[in-house]
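J.: Handing you this structure, nothing more for now.
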Amino acid sequence: MSTIDFSGRVAIVTGAGGGLGRLHALALAARGAKVVVNDLGGAVDGSGGSATAAQKVVDEIRAAGGEAVANGASVTDFDAVQAMVQQAIDQWGRVDVLVNNAGILRDKSFSKMELADFRLVVDVHLMGAVHCTKAVWPHMVAQKYGRIVMTTSSSGLYGNFGQANYGAAKLALVGLMQTLSIEGAKHDIRVNALAPTAATRMTEGLMPAEVLEALKPEAVVPAMLVMASEQAPNRTILCAGAGTYEAAHITLTQGVHLGLTPDTPERLLAALNEVTDSAGETVPMSGSEQGTNEIKQALAARAHA
């Protein structure tokens, strides 16, 4: 069984002043990584800011014998994010791991949600990860090594009432991961997504106390460590909670070739159960596989016409 070791590696963890981010930073440092602890220090809804939270985690890491620096950049500010990455380069000469963990909540049903709250959540979760990934990407390409973890959510993968903004941003991160994992492969940049279920500041009001007690955030950290490790998979969505680990897949059914005739809409309606039948479904390695499947069936139908 391979040992997961981050000796000589440099990691950036966003939103690491508390909750899961703090545990991610502590775990990486405990296994030898030098860590940039990033946190704006704001409230759950993204308001406010303080450098205190990040510095406290840095102090914890240093007290345990590790190396860490604090950073208070907002992930929504690309210039500040670039400066954060440069801080890591100036301090340690490289960046090997990026854990995109920063996030906020502005929950309301879609009918009552202000567009400003929708935009801000997308800006922090999606564009925040884009900013951080864009800033580390050239360094990882140059050193031919990188591990990037996107934090997605079951709310994005499967939906959750009152979280249209959060769910949209979280599934968008999966789409980002899918493409970057393809583009980064030749440089040994592996990109994956983590869907955690954990009791944190962001989930306090969403679950009963006894459930929150069972969902120790520490149980999510092993999945992050796997995705950040040298032995990491690529293009994987790992789900983690309460000591259980699963994988989520975006799949493609075999489908049905119906051709194009005036009554195709009606025949498609009649065939929906067959079209959506999960028997024989696949996990495409790229978006082109959908078109390949469609053309293959069309050509086969033409050959038999």
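Naming works like this for the structure tokens: A, B, ... for the chains as they're shown, residue 1 at the start of each chain, ligands 1 onward in shown order.
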Might you pull out every residue within 7 Å of stretch 220-229 of chain A, with only C-alpha atoms counted and same-chain residues fewer than 4 positions away left off, and present them as number ranges by chain?
T.: A: 4, 23-24, 97, 147-149, 192, 194, 196, 233, 238, 240-241
J.: Neighbours of stretch 94-96 of chain A within 12 Å (only C-alpha atoms; same-chain residues fewer than 6 positions away dropped), as an mmCIF file with C-alpha atoms, in the first residue's frame?
T.:
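Output contents, as saved in selection-v3.cif:
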data_model
loop_
_atom_site.group_PDB
_atom_site.id
_atom_site.type_symbol
_atom_site.label_atom_id
_atom_site.label_comp_id
_atom_site.auth_asym_id
_atom_site.auth_seq_id
_atom_site.Cartn_x
_atom_site.Cartn_y
_atom_site.Cartn_z
ATOM 1 C CA PHE A 6 3.958 15.543 0.510
ATOM 2 C CA SER A 7 7.573 16.129 1.525
ATOM 3 C CA GLY A 8 9.058 18.792 -0.753
ATOM 4 C CA ARG A 9 5.632 19.751 -2.097
ATOM 5 C CA VAL A 10 3.990 23.169 -1.842
ATOM 6 C CA ALA A 11 0.225 23.456 -1.463
ATOM 7 C CA ILE A 12 -2.267 26.303 -1.569
ATOM 8 C CA VAL A 13 -5.576 25.779 0.209
ATOM 9 C CA LEU A 28 -1.218 18.417 4.063
ATOM 10 C CA ALA A 33 3.709 19.901 2.558
ATOM 11 C CA LYS A 34 4.561 23.570 2.857
ATOM 12 C CA VAL A 35 1.194 25.323 2.879
ATOM 13 C CA VAL A 36 -0.199 28.684 1.881
ATOM 14 C CA MET A 84 -0.789 34.848 -3.541
ATOM 15 C CA VAL A 85 0.696 32.362 -5.995
ATOM 16 C CA GLN A 86 3.776 34.565 -6.377
ATOM 17 C CA GLN A 87 4.045 34.557 -2.581
ATOM 18 C CA ALA A 88 4.325 30.762 -2.681
ATOM 19 C CA CYS A 132 -6.666 30.311 -8.554
ATOM 20 C CA THR A 133 -6.294 27.612 -11.197
ATOM 21 C CA ALA A 135 -2.699 31.596 -11.589
ATOM 22 C CA VAL A 136 -1.032 28.258 -10.747
ATOM 23 C CA TRP A 137 -1.430 26.682 -14.197
ATOM 24 C CA PRO A 138 1.692 28.108 -15.931
ATOM 25 C CA HIS A 139 3.867 27.118 -12.960
ATOM 26 C CA MET A 140 2.507 23.570 -13.007
ATOM 27 C CA VAL A 141 2.997 23.342 -16.783
ATOM 28 C CA ALA A 142 6.593 24.547 -16.442
ATOM 29 C CA GLN A 143 7.437 22.017 -13.729
ATOM 30 C CA LYS A 144 5.442 19.224 -15.454
ATOM 31 C CA TYR A 145 3.536 18.446 -12.270
ATOM 32 C CA GLY A 146 0.389 19.604 -10.560
ATOM 33 C CA ARG A 147 -2.567 18.401 -8.538
ATOM 34 C CA ILE A 148 -5.769 20.466 -8.453
ATOM 35 C CA VAL A 149 -8.826 19.674 -6.361
ATOM 36 C CA ASP A 188 1.054 15.518 -15.391
ATOM 37 C CA ILE A 189 -1.447 18.023 -14.033
ATOM 38 C CA ARG A 190 -4.249 15.935 -12.573
ATOM 39 C CA VAL A 191 -7.546 17.621 -11.830
ATOM 40 C CA ALA A 228 -3.714 15.899 -4.027
ATOM 41 C CA SER A 229 -1.175 13.071 -3.905
ATOM 42 C CA GLU A 230 1.441 12.008 -6.423
#
J.: Choose the residue, out of A:Leu40, A:Ala68, A:Ala102, A:Met1, that has the smallest atom-to-atom separation from A:Gly15; count only C-alpha atoms.
T.: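 Under the stated criterion, the closest residue is A:Ala102.
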J.: Using DSSP on the backbone coordinates, identify the residues of stretch 7-183 of chain A assigned to strand (DSSP E or B); present them as a PyMOL selection string.
T.: chain A and resi 10-13+34-38+68-71+97-100+108+146-151+163
J.: For A:Gly18, which residue out of A:Phe118, A:Gly65, A:Pro217, A:Gly128 is the nearest one, using only C-alpha atoms?
T.: A:Pro217
J.: Identify all residues of stretch 10-259 of chain A in helix (DSSP H, G or I) (DSSP on the backbone) and supply them as a VMD selection string.
T.: chain A and resid 19 to 30 52 to 63 78 to 92 115 to 143 154 to 158 164 to 187 209 to 214 217 to 219 221 to 228
J.: Using only C-alpha atoms, which residues sit within 9 Å of stretch 285-300 of chain A once same-chain residues fewer than 5 positions away are excluded, as an NGL selection string?
T.: :A and (178-179 or 182 or 235 or 252 or 254-259 or 305)
J.: Keeping N, CA, C and O atoms, export the residues of the selection given above as a PDB file, in the first residue's frame.
T.:
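Full text of out05.pdb as output:
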ATOM      1  N   GLN A 178     -13.539  18.607 -15.788  1.00  0.00           N
ATOM      2  CA  GLN A 178     -13.532  17.654 -16.900  1.00  0.00           C
ATOM      3  C   GLN A 178     -12.591  18.108 -18.012  1.00  0.00           C
ATOM      4  O   GLN A 178     -11.816  17.324 -18.559  1.00  0.00           O
ATOM      5  N   THR A 179     -12.657  19.380 -18.371  1.00  0.00           N
ATOM      6  CA  THR A 179     -11.821  19.891 -19.454  1.00  0.00           C
ATOM      7  C   THR A 179     -10.369  20.072 -19.032  1.00  0.00           C
ATOM      8  O   THR A 179      -9.447  19.692 -19.759  1.00  0.00           O
ATOM      9  N   ILE A 182      -8.276  16.992 -19.060  1.00  0.00           N
ATOM     10  CA  ILE A 182      -7.835  16.592 -20.396  1.00  0.00           C
ATOM     11  C   ILE A 182      -6.651  17.448 -20.834  1.00  0.00           C
ATOM     12  O   ILE A 182      -5.626  16.941 -21.307  1.00  0.00           O
ATOM     13  N   ARG A 235      -9.510  13.231 -13.352  1.00  0.00           N
ATOM     14  CA  ARG A 235     -10.888  13.337 -13.847  1.00  0.00           C
ATOM     15  C   ARG A 235     -11.849  12.446 -13.063  1.00  0.00           C
ATOM     16  O   ARG A 235     -12.680  11.738 -13.615  1.00  0.00           O
ATOM     17  N   LEU A 252     -23.446   8.404 -20.128  1.00  0.00           N
ATOM     18  CA  LEU A 252     -24.153   8.519 -21.400  1.00  0.00           C
ATOM     19  C   LEU A 252     -24.847   7.195 -21.679  1.00  0.00           C
ATOM     20  O   LEU A 252     -24.195   6.143 -21.680  1.00  0.00           O
ATOM     21  N   GLN A 254     -26.929   4.356 -24.008  1.00  0.00           N
ATOM     22  CA  GLN A 254     -26.746   3.895 -25.379  1.00  0.00           C
ATOM     23  C   GLN A 254     -27.635   4.667 -26.345  1.00  0.00           C
ATOM     24  O   GLN A 254     -27.265   4.934 -27.478  1.00  0.00           O
ATOM     25  N   GLY A 255     -28.819   5.059 -25.869  1.00  0.00           N
ATOM     26  CA  GLY A 255     -29.712   5.852 -26.697  1.00  0.00           C
ATOM     27  C   GLY A 255     -30.401   5.044 -27.791  1.00  0.00           C
ATOM     28  O   GLY A 255     -30.193   3.841 -27.930  1.00  0.00           O
ATOM     29  N   VAL A 256     -31.199   5.723 -28.568  1.00  0.00           N
ATOM     30  CA  VAL A 256     -31.974   5.099 -29.641  1.00  0.00           C
ATOM     31  C   VAL A 256     -31.889   5.988 -30.874  1.00  0.00           C
ATOM     32  O   VAL A 256     -32.104   7.198 -30.787  1.00  0.00           O
ATOM     33  N   HIS A 257     -31.571   5.394 -32.026  1.00  0.00           N
ATOM     34  CA  HIS A 257     -31.557   6.168 -33.268  1.00  0.00           C
ATOM     35  C   HIS A 257     -32.966   6.221 -33.852  1.00  0.00           C
ATOM     36  O   HIS A 257     -33.568   5.197 -34.141  1.00  0.00           O
ATOM     37  N   LEU A 258     -33.473   7.428 -34.014  1.00  0.00           N
ATOM     38  CA  LEU A 258     -34.835   7.612 -34.530  1.00  0.00           C
ATOM     39  C   LEU A 258     -34.867   8.302 -35.887  1.00  0.00           C
ATOM     40  O   LEU A 258     -35.923   8.386 -36.511  1.00  0.00           O
ATOM     41  N   GLY A 259     -33.718   8.803 -36.341  1.00  0.00           N
ATOM     42  CA  GLY A 259     -33.703   9.520 -37.604  1.00  0.00           C
ATOM     43  C   GLY A 259     -34.420  10.855 -37.496  1.00  0.00           C
ATOM     44  O   GLY A 259     -34.747  11.318 -36.397  1.00  0.00           O
ATOM     45  N   ALA A 305     -30.696   0.406 -44.039  1.00  0.00           N
ATOM     46  CA  ALA A 305     -31.891   0.958 -44.687  1.00  0.00           C
ATOM     47  C   ALA A 305     -32.143   0.299 -46.035  1.00  0.00           C
ATOM     48  O   ALA A 305     -31.238  -0.111 -46.734  1.00  0.00           O
TER      49      ALA A 305
END
J.: Between atom CA of A:Gln231 and atom CA of A:Thr3, measure the distance and give it in Å to one decimal.
T.: 9.4 Å
J.: To one decimal in Å, tell me the separation between atom CA of A:Ala193 and atom CA of A:Glu210.
T.: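 Atom-to-atom, atom CA of A:Ala193 and atom CA of A:Glu210 are spaced 27.5 Å apart.
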J.: Write out as a list in words which residues come within 8 Å of stretch 72-75 of chain A when counting only C-alpha atoms, dropping same-chain ones fewer than 4 positions away.
T.: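 Residues meeting the cut-off are Thr14, Asn38, Asp39, Leu40, Gly41, Ser50, Ala51, Ala54, Ala80, Val81, Met84, Ala102, Val124, Met127, Gly128, Ala129, His131 and Cys132 of chain A.
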J.: Pick out the closest residue to A:Ala214 from this set: A:Thr244, A:Thr261, A:Ser154, A:Gln163. Count only C-alpha atoms.
T.: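 The closest residue to A:Ala214 is A:Thr244.
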J.: Have a look at atom CA of A:Gly280 and atom CA of A:Thr253 and let me know their distance in Å, one decimal.
T.: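 Value for the atom CA of A:Gly280-atom CA of A:Thr253 distance: 6.6 Å.
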J.: So, counting only C-alpha atoms, which residue among A:Lys56, A:Lys134, A:His249, A:Lys108 is closest to A:Tyr166?
T.: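 Looking only at the distances to A:Tyr166, the closest residue turns out to be A:Lys108.
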J.: When you count only C-alpha atoms, which of these residues is closest to A:Ala248: A:Leu157, A:Asn234, A:Asp263, A:Ser278?
T.: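 The shortest atom-to-atom distance to A:Ala248 comes from A:Leu157.
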J.: Considering only C-alpha atoms, can you say which of A:Glu67, A:Ile104, A:Leu272, A:Glu114 comes closest to A:Trp92?
T.: A:Glu67
J.: Excluding same-chain residues fewer than 4 positions from A:Leu212, what lies within 7 Å of it counting only C-alpha atoms, as a PDB file with N, CA and C atoms, in the first residue's frame?
T.:
ATOM      1  N   ALA A 199     -20.079  18.356   8.651  1.00  0.00           N
ATOM      2  CA  ALA A 199     -20.595  19.373   9.563  1.00  0.00           C
ATOM      3  C   ALA A 199     -19.577  20.505   9.640  1.00  0.00           C
ATOM      4  N   MET A 207     -28.901  20.732   8.969  1.00  0.00           N
ATOM      5  CA  MET A 207     -29.088  19.338   9.385  1.00  0.00           C
ATOM      6  C   MET A 207     -29.317  19.261  10.893  1.00  0.00           C
ATOM      7  N   PRO A 208     -30.005  18.206  11.378  1.00  0.00           N
ATOM      8  CA  PRO A 208     -30.191  18.014  12.817  1.00  0.00           C
ATOM      9  C   PRO A 208     -28.854  17.815  13.532  1.00  0.00           C
TER      10      PRO A 208
END
J.: If we count only C-alpha atoms and set the cut-off at 9 Å, which residues sit around A:Ala242, ignoring sequence neighbours fewer than 3 positions away in its own chain? Please answer as a VMD selection string.
T.: chain A and resid 197 to 198 214 to 220 245
